[in-house]
$ cat structure.cif   # mmCIF, C-alpha atoms and all ligand atoms
data_upload
loop_
_atom_site.label_atom_id
_atom_site.label_comp_id
_atom_site.auth_asym_id
_atom_site.auth_seq_id
_atom_site.Cartn_x
_atom_site.Cartn_y
_atom_site.Cartn_z
CA MET A 1 4.81 -19.95 -4.42
CA ASP A 2 7.08 -18.30 -1.90
CA ASP A 3 6.98 -14.58 -2.64
CA LEU A 4 10.10 -14.05 -0.50
CA ASP A 5 12.11 -15.77 -3.24
CA PHE A 6 11.23 -12.78 -5.43
CA GLY A 7 11.07 -9.86 -3.01
CA LYS A 8 10.94 -8.76 0.59
CA ARG A 9 8.29 -7.83 3.14
CA ASN A 10 8.57 -4.93 5.59
CA LYS A 11 7.30 -4.77 9.19
CA ARG A 12 3.86 -3.64 8.04
CA GLY A 13 3.64 -6.69 5.82
CA ASP A 14 3.93 -4.76 2.53
CA TRP A 15 5.78 -6.73 -0.12
CA ALA A 16 8.13 -5.24 -2.75
CA PRO A 17 9.94 -6.97 -5.62
CA SER A 18 13.74 -7.36 -5.41
CA ALA A 19 14.15 -6.79 -9.14
CA HIS A 20 13.44 -3.18 -9.96
CA PRO A 21 11.47 -2.40 -13.12
CA GLU A 22 13.60 -1.05 -15.95
CA ILE A 23 12.85 1.08 -18.98
CA ALA A 24 12.58 -0.82 -22.29
CA PHE A 25 15.94 -2.53 -22.94
CA PHE A 26 16.35 -1.13 -26.49
CA TRP A 27 17.12 2.36 -25.20
CA LYS A 28 20.37 0.94 -23.84
CA GLU A 29 21.01 -2.21 -25.91
CA PRO A 30 19.27 -1.80 -29.28
CA PHE A 31 21.16 -4.69 -30.91
CA ASN A 32 20.64 -7.38 -28.31
CA LEU A 33 18.70 -9.95 -30.36
CA ARG A 34 18.02 -12.29 -27.44
CA LYS A 35 16.32 -9.45 -25.57
CA TRP A 36 14.34 -8.46 -28.66
CA SER A 37 12.77 -11.91 -28.87
CA LYS A 38 11.79 -11.94 -25.20
CA PHE A 39 10.51 -8.37 -25.54
CA ALA A 40 8.40 -9.27 -28.60
CA LEU A 41 6.74 -12.11 -26.69
CA ASP A 42 6.02 -9.93 -23.64
CA TYR A 43 4.76 -7.15 -25.91
CA VAL A 44 2.02 -9.37 -27.23
CA TRP A 45 1.40 -12.04 -24.61
CA PRO A 46 -0.81 -12.19 -22.64
CA TRP A 47 -2.33 -8.74 -22.10
CA ASN A 48 -2.32 -7.27 -25.61
CA ALA A 49 -3.39 -10.60 -27.10
CA PHE A 50 -6.32 -10.52 -24.69
CA HIS A 51 -7.26 -6.95 -25.73
CA MET A 52 -7.04 -7.94 -29.40
CA ALA A 53 -9.21 -11.02 -28.83
CA VAL A 54 -11.85 -8.87 -27.12
CA THR A 55 -11.60 -6.30 -29.92
CA LEU A 56 -12.21 -8.98 -32.55
CA LEU A 57 -15.22 -10.24 -30.58
CA TYR A 58 -16.63 -6.69 -30.57
CA TRP A 59 -15.90 -6.33 -34.28
CA ARG A 60 -17.69 -9.56 -35.13
CA PHE A 61 -20.56 -9.65 -32.65
CA VAL A 62 -21.07 -6.30 -30.93
CA LEU A 63 -20.67 -3.36 -33.32
CA PRO A 64 -23.88 -2.42 -35.15
CA ASP A 65 -23.85 -2.06 -38.95
CA TRP A 66 -21.82 0.88 -40.23
CA GLU A 67 -25.01 2.17 -41.84
CA VAL A 68 -26.64 2.34 -38.39
CA MET A 69 -23.62 4.08 -36.88
CA LYS A 70 -23.86 6.90 -39.41
CA THR A 71 -26.54 8.39 -37.18
CA LEU A 72 -25.99 9.11 -33.51
CA SER A 73 -28.65 7.40 -31.45
CA TRP A 74 -29.28 6.28 -27.88
CA ASP A 75 -30.05 2.76 -29.12
CA TRP A 76 -26.60 1.73 -30.15
CA ALA A 77 -24.87 4.00 -27.60
CA LEU A 78 -26.69 2.27 -24.75
CA TRP A 79 -26.00 -1.11 -26.32
CA LEU A 80 -22.25 -0.35 -26.33
CA TYR A 81 -22.44 0.96 -22.75
CA ALA A 82 -24.11 -2.28 -21.68
CA VAL A 83 -21.50 -4.45 -23.41
CA ASN A 84 -18.61 -2.39 -22.01
CA GLY A 85 -20.17 -2.55 -18.55
CA ILE A 86 -20.67 -6.30 -18.70
CA GLY A 87 -17.18 -6.84 -20.14
CA ILE A 88 -15.60 -4.84 -17.31
CA PHE A 89 -17.76 -6.59 -14.74
CA LEU A 90 -16.53 -9.97 -15.98
CA MET A 91 -12.85 -9.02 -16.27
CA TYR A 92 -12.35 -6.78 -13.24
CA GLY A 93 -14.99 -8.59 -11.19
CA SER A 94 -13.37 -12.00 -11.63
CA ILE A 95 -9.97 -10.70 -10.45
CA GLU A 96 -11.64 -8.88 -7.56
CA LEU A 97 -13.55 -12.03 -6.61
CA VAL A 98 -10.59 -14.41 -6.71
CA TYR A 99 -7.86 -12.21 -5.23
CA TYR A 100 -9.74 -9.69 -3.06
CA VAL A 101 -12.91 -11.44 -1.89
CA LYS A 102 -11.84 -15.08 -1.76
CA ARG A 103 -8.19 -14.03 -1.33
CA LYS A 104 -6.88 -17.09 -3.12
CA GLN A 105 -3.23 -16.14 -2.59
CA GLY A 106 -3.64 -14.16 0.64
CA THR A 107 -1.12 -11.31 0.63
CA ARG A 108 1.54 -13.14 -1.35
CA PHE A 109 3.03 -10.69 -3.88
CA LYS A 110 0.69 -7.96 -2.53
CA TYR A 111 2.31 -4.51 -2.36
CA ASN A 112 0.06 -3.26 0.43
CA ALA A 113 -0.71 -5.84 3.11
CA LYS A 114 -4.15 -4.33 3.75
CA PHE A 115 -7.22 -4.93 1.60
CA PRO A 116 -9.37 -1.87 0.79
CA SER A 117 -12.40 -3.46 2.48
CA GLU A 118 -10.46 -3.30 5.80
CA GLN A 119 -9.91 0.46 5.52
CA PRO A 120 -13.19 2.45 5.63
CA SER A 121 -12.64 6.17 5.01
CA ASP A 122 -14.66 9.37 4.76
CA VAL A 123 -13.12 10.23 1.40
CA PHE A 124 -15.21 7.50 -0.22
CA TRP A 125 -18.93 7.34 -0.92
CA PHE A 126 -20.51 5.21 1.81
CA LYS A 127 -17.02 5.17 3.41
CA SER A 128 -16.17 2.21 1.21
CA GLN A 129 -13.45 2.28 -1.44
CA ASN A 130 -15.01 -0.70 -3.20
CA ILE A 131 -18.54 0.74 -3.43
CA ASP A 132 -17.23 4.21 -4.31
CA ASN A 133 -14.88 2.94 -7.03
CA PHE A 134 -17.47 0.57 -8.45
CA LEU A 135 -20.15 3.27 -8.69
CA ARG A 136 -17.76 5.84 -10.16
CA SER A 137 -16.66 3.30 -12.78
CA TYR A 138 -20.25 2.78 -13.92
CA LEU A 139 -21.46 6.39 -13.52
CA SER A 140 -18.40 8.06 -15.02
CA GLY A 141 -15.55 5.86 -16.27
CA ILE A 142 -17.51 3.55 -18.55
CA VAL A 143 -20.00 6.27 -19.54
CA PHE A 144 -17.32 8.56 -20.98
CA TRP A 145 -15.38 5.66 -22.45
CA THR A 146 -18.56 4.74 -24.35
CA LEU A 147 -19.10 8.34 -25.40
CA VAL A 148 -15.60 8.46 -26.91
CA GLU A 149 -16.25 5.11 -28.60
CA VAL A 150 -19.55 6.26 -30.09
CA LEU A 151 -18.00 9.47 -31.47
CA MET A 152 -15.06 7.56 -32.92
CA LEU A 153 -17.30 4.99 -34.67
CA TRP A 154 -19.64 7.71 -35.93
CA CYS A 155 -16.68 9.58 -37.49
CA PHE A 156 -15.49 6.43 -39.26
CA ALA A 157 -19.02 5.46 -40.35
CA ASN A 158 -19.49 8.84 -42.02
CA GLN A 159 -15.96 8.84 -43.48
CA TYR A 160 -15.24 12.12 -41.69
CA VAL A 161 -11.72 10.73 -41.19
CA TYR A 162 -9.37 8.59 -43.26
CA TRP A 163 -10.36 4.90 -43.21
CA LEU A 164 -7.49 2.93 -44.71
CA ASN A 165 -8.02 -0.64 -45.89
CA TRP A 166 -5.70 -3.46 -44.89
CA SER A 167 -5.40 -4.67 -48.48
CA GLU A 168 -4.15 -1.30 -49.74
CA HIS A 169 -2.09 -0.11 -46.78
CA PRO A 170 -0.81 -3.23 -44.98
CA VAL A 171 2.59 -1.79 -44.03
CA TRP A 172 1.38 1.47 -42.51
CA LEU A 173 -1.50 -0.20 -40.66
CA THR A 174 0.82 -2.88 -39.27
CA ILE A 175 3.22 -0.20 -38.04
CA LEU A 176 0.31 1.67 -36.46
CA LEU A 177 -1.04 -1.49 -34.84
CA LEU A 178 2.37 -2.30 -33.37
CA ALA A 179 2.69 1.29 -32.15
CA THR A 180 -0.54 1.24 -30.14
CA PRO A 181 1.18 0.54 -26.77
CA LEU A 182 3.62 3.40 -27.50
CA ILE A 183 0.76 5.78 -28.35
CA HIS A 184 -0.98 4.69 -25.16
CA GLU A 185 2.07 5.49 -23.03
CA VAL A 186 2.70 8.90 -24.57
CA ASN A 187 -0.95 9.93 -24.37
CA PHE A 188 -1.26 8.71 -20.80
CA PHE A 189 1.89 10.53 -19.69
CA VAL A 190 0.79 13.82 -21.27
CA ILE A 191 -2.79 13.90 -19.98
CA HIS A 192 -1.74 12.49 -16.61
CA ARG A 193 1.00 15.09 -16.16
CA LEU A 194 -1.54 17.78 -17.08
CA ILE A 195 -4.10 16.72 -14.47
CA HIS A 196 -1.39 16.73 -11.81
CA ILE A 197 -1.15 20.52 -12.17
CA PRO A 198 -2.56 21.59 -8.76
CA PHE A 199 -5.72 23.26 -10.09
CA PHE A 200 -6.71 20.26 -12.25
CA TYR A 201 -5.57 17.83 -9.59
CA LYS A 202 -7.91 19.34 -7.04
CA TRP A 203 -10.99 19.33 -9.28
CA ILE A 204 -10.37 16.33 -11.48
CA HIS A 205 -7.65 13.85 -10.67
CA SER A 206 -7.99 13.73 -6.87
CA VAL A 207 -11.04 11.49 -7.38
CA HIS A 208 -8.83 8.76 -8.80
CA HIS A 209 -6.12 9.32 -6.19
CA ASN A 210 -8.46 8.83 -3.24
CA SER A 211 -7.46 5.20 -3.62
CA ILE A 212 -3.96 5.14 -2.17
CA ASN A 213 -4.15 1.35 -2.01
CA PRO A 214 -5.80 0.64 -5.39
CA SER A 215 -7.66 -2.51 -6.30
CA PRO A 216 -9.27 -3.54 -9.64
CA TRP A 217 -12.34 -1.35 -9.14
CA SER A 218 -10.08 1.71 -8.77
CA SER A 219 -8.95 1.41 -12.40
CA LEU A 220 -11.81 3.33 -14.03
CA SER A 221 -12.86 5.26 -10.96
CA MET A 222 -12.21 8.68 -12.45
CA HIS A 223 -13.72 12.12 -12.79
CA PRO A 224 -15.64 12.47 -16.11
CA VAL A 225 -13.03 14.88 -17.52
CA GLU A 226 -10.21 12.48 -16.73
CA THR A 227 -11.93 9.48 -18.29
CA PHE A 228 -12.75 11.54 -21.40
CA LEU A 229 -9.09 12.58 -21.78
CA TYR A 230 -7.78 9.12 -20.95
CA HIS A 231 -9.97 7.31 -23.49
CA GLY A 232 -9.36 10.21 -25.86
CA VAL A 233 -6.19 8.33 -26.81
CA VAL A 234 -8.41 7.18 -29.65
CA TRP A 235 -8.32 10.66 -31.26
CA TRP A 236 -4.83 9.73 -32.47
CA HIS A 237 -6.58 7.41 -34.92
CA LEU A 238 -8.76 10.21 -36.20
CA ALA A 239 -5.79 12.53 -36.62
CA LEU A 240 -3.59 9.89 -38.30
CA PRO A 241 -4.89 7.87 -41.25
CA SER A 242 -6.00 4.65 -39.55
CA ASN A 243 -8.58 1.92 -39.43
CA PRO A 244 -11.46 1.55 -36.93
CA LEU A 245 -10.28 -1.92 -35.86
CA ILE A 246 -6.98 -0.43 -34.67
CA ALA A 247 -8.79 2.49 -33.06
CA LEU A 248 -11.06 0.08 -31.19
CA PHE A 249 -8.04 -1.94 -30.06
CA GLN A 250 -6.42 1.28 -28.81
CA LEU A 251 -9.58 2.08 -26.88
CA HIS A 252 -9.71 -1.38 -25.30
CA MET A 253 -6.08 -1.09 -24.28
CA ALA A 254 -7.17 1.97 -22.29
CA GLY A 255 -10.51 0.66 -20.99
CA TYR A 256 -9.79 -2.99 -20.24
CA GLY A 257 -6.07 -2.32 -19.81
CA ALA A 258 -6.59 0.24 -17.02
CA LEU A 259 -6.81 -2.79 -14.75
CA ASN A 260 -3.10 -3.56 -14.94
CA GLY A 261 -1.83 -0.64 -12.89
CA HIS A 262 -4.40 -1.31 -10.17
CA ILE A 263 -4.20 -5.05 -9.59
CA GLY A 264 -2.31 -4.51 -6.32
CA PHE A 265 -0.40 -7.79 -6.67
CA ASP A 266 2.91 -8.11 -8.51
CA ARG A 267 1.98 -11.57 -9.74
CA LEU A 268 -1.27 -13.44 -9.92
CA GLU A 269 -0.59 -17.08 -9.06
CA LEU A 270 -2.15 -19.43 -11.59
CA THR A 271 -0.72 -22.76 -10.41
CA ASP A 272 1.83 -23.71 -7.73
CA GLU A 273 4.64 -22.89 -10.12
CA SER A 274 3.31 -20.37 -12.59
CA ALA A 275 2.10 -16.80 -12.20
CA LEU A 276 0.97 -13.94 -14.37
CA ASP A 277 3.01 -10.73 -14.27
CA SER A 278 0.60 -7.87 -13.53
CA HIS A 279 2.80 -4.91 -14.63
CA ALA A 280 1.25 -3.05 -11.66
CA TYR A 281 4.28 -1.94 -9.64
CA LEU A 282 5.15 1.38 -11.31
CA HIS A 283 1.58 2.66 -11.17
CA TYR A 284 1.17 1.32 -7.64
CA LEU A 285 4.13 3.54 -6.69
CA HIS A 286 2.38 6.44 -8.42
CA HIS A 287 -0.67 5.95 -6.16
CA LYS A 288 1.64 5.72 -3.15
CA TYR A 289 3.92 8.70 -3.87
CA PHE A 290 1.76 10.82 -6.27
CA GLU A 291 4.54 12.69 -8.07
CA VAL A 292 6.37 9.84 -9.77
CA ASN A 293 5.66 7.47 -12.67
CA TYR A 294 3.13 9.48 -14.67
CA GLY A 295 3.52 7.19 -17.65
CA GLY A 296 3.55 3.47 -18.29
CA ASP A 297 6.13 0.70 -18.35
CA GLY A 298 8.95 2.73 -19.89
CA LEU A 299 8.52 1.77 -23.55
CA ILE A 300 8.84 5.49 -24.24
CA PRO A 301 10.51 6.36 -20.93
CA LEU A 302 9.23 9.91 -20.49
CA ASP A 303 9.39 9.61 -16.69
CA TYR A 304 13.02 8.57 -16.96
CA TRP A 305 13.85 11.51 -19.19
CA PHE A 306 11.93 14.03 -17.07
CA GLY A 307 13.33 12.74 -13.77
CA THR A 308 10.13 11.28 -12.33
CA TRP A 309 10.94 7.60 -12.81
CA HIS A 310 10.63 5.61 -9.56
CA ASP A 311 11.53 1.92 -9.68
CA GLY A 312 11.08 1.24 -5.96
CA SER A 313 14.82 1.43 -5.18
CA LYS A 314 16.47 3.40 -2.35
CA GLU A 315 18.21 5.55 -4.98
CA ALA A 316 14.85 6.47 -6.54
CA ASP A 317 13.55 7.30 -3.05
CA ALA A 318 16.50 9.62 -2.45
CA LEU A 319 15.96 11.38 -5.79
CA MET A 320 12.27 11.83 -5.02
CA GLU A 321 13.06 13.27 -1.56
CA ALA A 322 15.58 15.67 -3.11
CA ARG A 323 12.93 16.81 -5.61
CA TYR A 324 10.41 17.41 -2.82
CA ALA A 325 12.97 19.35 -0.78
CA LYS A 326 13.75 21.53 -3.79
CA LYS A 327 10.05 22.16 -4.35
CA VAL A 328 9.46 23.09 -0.71
CA ALA A 329 12.47 25.42 -0.73
CA LYS A 330 11.13 27.10 -3.87
CA LEU A 331 7.71 27.56 -2.27
CA ASN A 332 9.28 29.09 0.83
CA THR A 333 11.27 31.72 -1.02
ZN ZN B 401 -4.33 4.84 -11.09
ZN ZN B 402 -2.03 10.54 -10.89
#
$ encode --input "structure.cif" --output "structure tokens" --more "lines below"
Ligand SMILES: [Zn+2]
Ligand SMILES: [Zn+2]
Amino acid sequence: MDDLDFGKRNKRGDWAPSAHPEIAFFWKEPFNLRKWSKFALDYVWPWNAFHMAVTLLYWRFVLPDWEVMKTLSWDWALWLYAVNGIGIFLMYGSIELVYYVKRKQGTRFKYNAKFPSEQPSDVFWFKSQNIDNFLRSYLSGIVFWTLVEVLMLWCFANQYVYWLNWSEHPVWLTILLLATPLIHEVNFFVIHRLIHIPFFYKWIHSVHHNSINPSPWSSLSMHPVETFLYHGVVWWHLALPSNPLIALFQLHMAGYGALNGHIGFDRLELTDESALDSHAYLHYLHHKYFEVNYGGDGLIPLDYWFGTWHDGSKEADALMEARYAKKVAKLNT
């Protein structure tokens, strides 16, 4: 595929898409049926369908009996940590292997022309972004994800929270299931905005932002507090009457879905003519510019409403510069 049919490359070799991402269409055209059908397909396929498939595999083959999960124990906690770790190794590792190690599509559709392995830096353990991010994922990201998962399952097992059945509450549970990407976006925006407050940024979130040019292993490379808050999206399903299957799906959308923002390529070429949309651009711009795009894809466009939306356009650049200038002026007075 010729990526220049879809975007342009600057002198440094960095590629950017010509079409700028937009907030969800229904905020502007709620009655456009044609767009609703395309939206519905994109909403489900392929990423959320993948997360649901993995969730169902966990439900059927991985989760211990509910009787076992009534008691907190290292046995089943370590079992879940192992499965999460292996699952992430397979998913993230295969993308890393194909697109970053073997470099199947070179730098086609790649936002930053450099690969992290070409940029050793003192900010990383062993001066290597890959080793640093990999170790932090396994020592922090997946550990605290599993901790949240264990606590969530333990609460459901003991009926400390409402556990609604599908047969009795199909409408509410379907609404909740469909709302999971919206819950994810709102939760992510709120906790992300919070850890960008300078004090929290310095101690917590800077770990994740060391990777200015993120790759798959950057996704879960977070400070323990950040990963606990990020996966804490699942508390919504303890606060609202829900079902553990939906809660687990919500958790997978955070854990496995963290990959999307950090793929580094706009599209992953599958064949000569087809490619998978990564949904990575907005979060890539967040890693590049720091103070834009705190949320997700604009389903609930909080960035747009709060003036931090950056779609990669010159106009968005100008707005960002104006915001910086205002901030500097305020600091100087
Ligand atoms: Zn990130
Ligand atoms: Zn951030």
$ closest_residue --input "structure.cif" --among "A:Lys314, A:His196, A:His184, A:His208" --to "Asp297 of chain A" --atoms "only C-alpha atoms"
A:His184
$ residues_near_ligand --input "structure.cif" --ligand "ligand ZN 401 (chain B)" --cutoff "9 Å" --atoms "only C-alpha atoms and all ligand atoms" --output "ChimeraX atom specification"
/A:208-209,211-212,214,218-222,258-259,261-262,283-284,286-287
$ residues_around --input "structure.cif" --residues "segment 14-26 of chain A" --least-positions-apart "4" --cutoff "7 Å" --atoms "only C-alpha atoms" --output "ChimeraX atom specification"
/A:6-10,30,109-113,297-299,301,311-313
$ atom_distance --input "structure.cif" --atom1 "atom CA of Arg267 of chain A" --atom2 "atom CA of Tyr100 of chain A"
13.6 Å
$ residues_near_ligand --input "structure.cif" --ligand "ligand ZN 402 (chain B)" --cutoff "12 Å" --atoms "all atoms listed in the file" --output "MDAnalysis selection string"
chainID A and resid 188:198 200:202 204:212 214 219 222:223 226 230 261 282:296
$ atom_distance --input "structure.cif" --atom1 "atom CA of Asn84 of chain A" --atom2 "atom CA of Ala247 of chain A"
15.6 Å
$ atom_distance --input "structure.cif" --atom1 "atom CA of Glu67 of chain A" --atom2 "atom CA of Thr146 of chain A"
18.8 Å
$ closest_residue --input "structure.cif" --among "A:Glu273, A:Thr333, A:Pro216, A:Tyr304" --to "Leu90 of chain A" --atoms "only C-alpha atoms"
A:Pro216
$ residues_around --input "structure.cif" --residues "segment 117-120 of chain A" --least-positions-apart "5" --cutoff "7 Å" --atoms "all atoms listed in the file" --output "JSON, numbers by chain"
{"A": [127, 128, 130]}
$ write_last_selection --input "structure.cif" --atoms "C-alpha atoms" --output "PDB file, in the coordinates of the input"
ATOM      1  CA  LYS A 127     -17.020   5.170   3.410  1.00  0.00           C
ATOM      2  CA  SER A 128     -16.170   2.210   1.210  1.00  0.00           C
ATOM      3  CA  ASN A 130     -15.010  -0.700  -3.200  1.00  0.00           C
TER       4      ASN A 130
END
$ residues_near_point --input "structure.cif" --point "(-15.4, 0.1, -20.3)" --cutoff "7 Å" --atoms "all atoms listed in the file" --output "compact mmCIF listing (two decimals) with C-alpha atoms, keeping the file's coordinate frame"
# COMPACT_ATOMS: atom_id res chain seq x y z
CA ASN A 84 -18.61 -2.39 -22.01
CA GLY A 85 -20.17 -2.55 -18.55
CA ILE A 88 -15.60 -4.84 -17.31
CA ILE A 142 -17.51 3.55 -18.55
CA TRP A 145 -15.38 5.66 -22.45
CA THR A 146 -18.56 4.74 -24.35
CA GLY A 255 -10.51 0.66 -20.99
CA TYR A 256 -9.79 -2.99 -20.24
$ closest_residue --input "structure.cif" --among "A:Leu268, A:Ala40, A:Ala239, A:Cys155" --to "Asp3 of chain A" --atoms "only C-alpha atoms"
A:Leu268
$ closest_residue --input "structure.cif" --among "A:Glu149, A:Asp42, A:Asp2, A:Glu315" --to "His279 of chain A" --atoms "all atoms listed in the file"
A:Asp42
$ axis_aligned_box --input "structure.cif" --around "segment 113-126 of chain A" --padding-each-side "3 Å" --output "JSON"
{"center_x": -10.6, "center_y": 2.2, "center_z": 2.4, "size_x": 25.8, "size_y": 22.1, "size_z": 12.7}
$ closest_residue --input "structure.cif" --among "A:Trp235, A:Trp217, A:Tyr281, A:Trp309" --to "Leu97 of chain A" --atoms "only C-alpha atoms"
A:Trp217
$ closest_residue --input "structure.cif" --among "A:Trp203, A:Phe124, A:Phe144, A:Phe134" --to "Leu78 of chain A" --atoms "all atoms listed in the file"
A:Phe144
$ build_atoms --input "structure.cif" --residues "segment 92-106 of chain A" --atoms "N, CA, C and O atoms" --output "mmCIF file, keeping the file's coordinate frame"
data_model
loop_
_atom_site.group_PDB
_atom_site.id
_atom_site.type_symbol
_atom_site.label_atom_id
_atom_site.label_comp_id
_atom_site.auth_asym_id
_atom_site.auth_seq_id
_atom_site.Cartn_x
_atom_site.Cartn_y
_atom_site.Cartn_z
ATOM 1 N N TYR A 92 -12.785 -7.338 -14.522
ATOM 2 C CA TYR A 92 -12.350 -6.780 -13.240
ATOM 3 C C TYR A 92 -12.966 -7.578 -12.082
ATOM 4 O O TYR A 92 -12.312 -7.864 -11.085
ATOM 5 N N GLY A 93 -14.266 -7.896 -12.260
ATOM 6 C CA GLY A 93 -14.990 -8.590 -11.190
ATOM 7 C C GLY A 93 -14.387 -9.948 -10.882
ATOM 8 O O GLY A 93 -14.310 -10.359 -9.720
ATOM 9 N N SER A 94 -13.910 -10.665 -11.914
ATOM 10 C CA SER A 94 -13.370 -12.000 -11.630
ATOM 11 C C SER A 94 -12.044 -11.887 -10.869
ATOM 12 O O SER A 94 -11.771 -12.659 -9.949
ATOM 13 N N ILE A 95 -11.233 -10.876 -11.201
ATOM 14 C CA ILE A 95 -9.970 -10.700 -10.450
ATOM 15 C C ILE A 95 -10.266 -10.249 -9.028
ATOM 16 O O ILE A 95 -9.676 -10.737 -8.061
ATOM 17 N N GLU A 96 -11.229 -9.346 -8.896
ATOM 18 C CA GLU A 96 -11.640 -8.880 -7.560
ATOM 19 C C GLU A 96 -12.142 -10.072 -6.725
ATOM 20 O O GLU A 96 -11.756 -10.224 -5.562
ATOM 21 N N LEU A 97 -12.958 -10.896 -7.350
ATOM 22 C CA LEU A 97 -13.550 -12.030 -6.610
ATOM 23 C C LEU A 97 -12.473 -13.012 -6.136
ATOM 24 O O LEU A 97 -12.435 -13.402 -4.980
ATOM 25 N N VAL A 98 -11.584 -13.374 -7.051
ATOM 26 C CA VAL A 98 -10.590 -14.410 -6.710
ATOM 27 C C VAL A 98 -9.535 -13.894 -5.735
ATOM 28 O O VAL A 98 -9.211 -14.550 -4.750
ATOM 29 N N TYR A 99 -9.028 -12.668 -6.004
ATOM 30 C CA TYR A 99 -7.860 -12.210 -5.230
ATOM 31 C C TYR A 99 -8.202 -11.266 -4.080
ATOM 32 O O TYR A 99 -7.401 -11.101 -3.162
ATOM 33 N N TYR A 100 -9.385 -10.634 -4.123
ATOM 34 C CA TYR A 100 -9.740 -9.690 -3.060
ATOM 35 C C TYR A 100 -10.867 -10.183 -2.160
ATOM 36 O O TYR A 100 -10.910 -9.866 -0.986
ATOM 37 N N VAL A 101 -11.806 -10.946 -2.715
ATOM 38 C CA VAL A 101 -12.910 -11.440 -1.890
ATOM 39 C C VAL A 101 -12.539 -12.806 -1.346
ATOM 40 O O VAL A 101 -12.477 -13.018 -0.135
ATOM 41 N N LYS A 102 -12.225 -13.737 -2.221
ATOM 42 C CA LYS A 102 -11.840 -15.080 -1.760
ATOM 43 C C LYS A 102 -10.387 -15.118 -1.291
ATOM 44 O O LYS A 102 -9.977 -16.004 -0.575
ATOM 45 N N ARG A 103 -9.608 -14.165 -1.723
ATOM 46 C CA ARG A 103 -8.190 -14.030 -1.330
ATOM 47 C C ARG A 103 -7.399 -15.321 -1.535
ATOM 48 O O ARG A 103 -6.744 -15.843 -0.616
ATOM 49 N N LYS A 104 -7.486 -15.815 -2.735
ATOM 50 C CA LYS A 104 -6.880 -17.090 -3.120
ATOM 51 C C LYS A 104 -5.398 -17.162 -2.744
ATOM 52 O O LYS A 104 -4.912 -18.192 -2.326
ATOM 53 N N GLN A 105 -4.653 -16.061 -2.928
ATOM 54 C CA GLN A 105 -3.230 -16.140 -2.590
ATOM 55 C C GLN A 105 -2.879 -15.260 -1.384
ATOM 56 O O GLN A 105 -1.718 -14.917 -1.185
ATOM 57 N N GLY A 106 -3.886 -14.953 -0.568
ATOM 58 C CA GLY A 106 -3.640 -14.160 0.640
ATOM 59 C C GLY A 106 -2.968 -12.860 0.291
ATOM 60 O O GLY A 106 -3.443 -12.133 -0.587
#
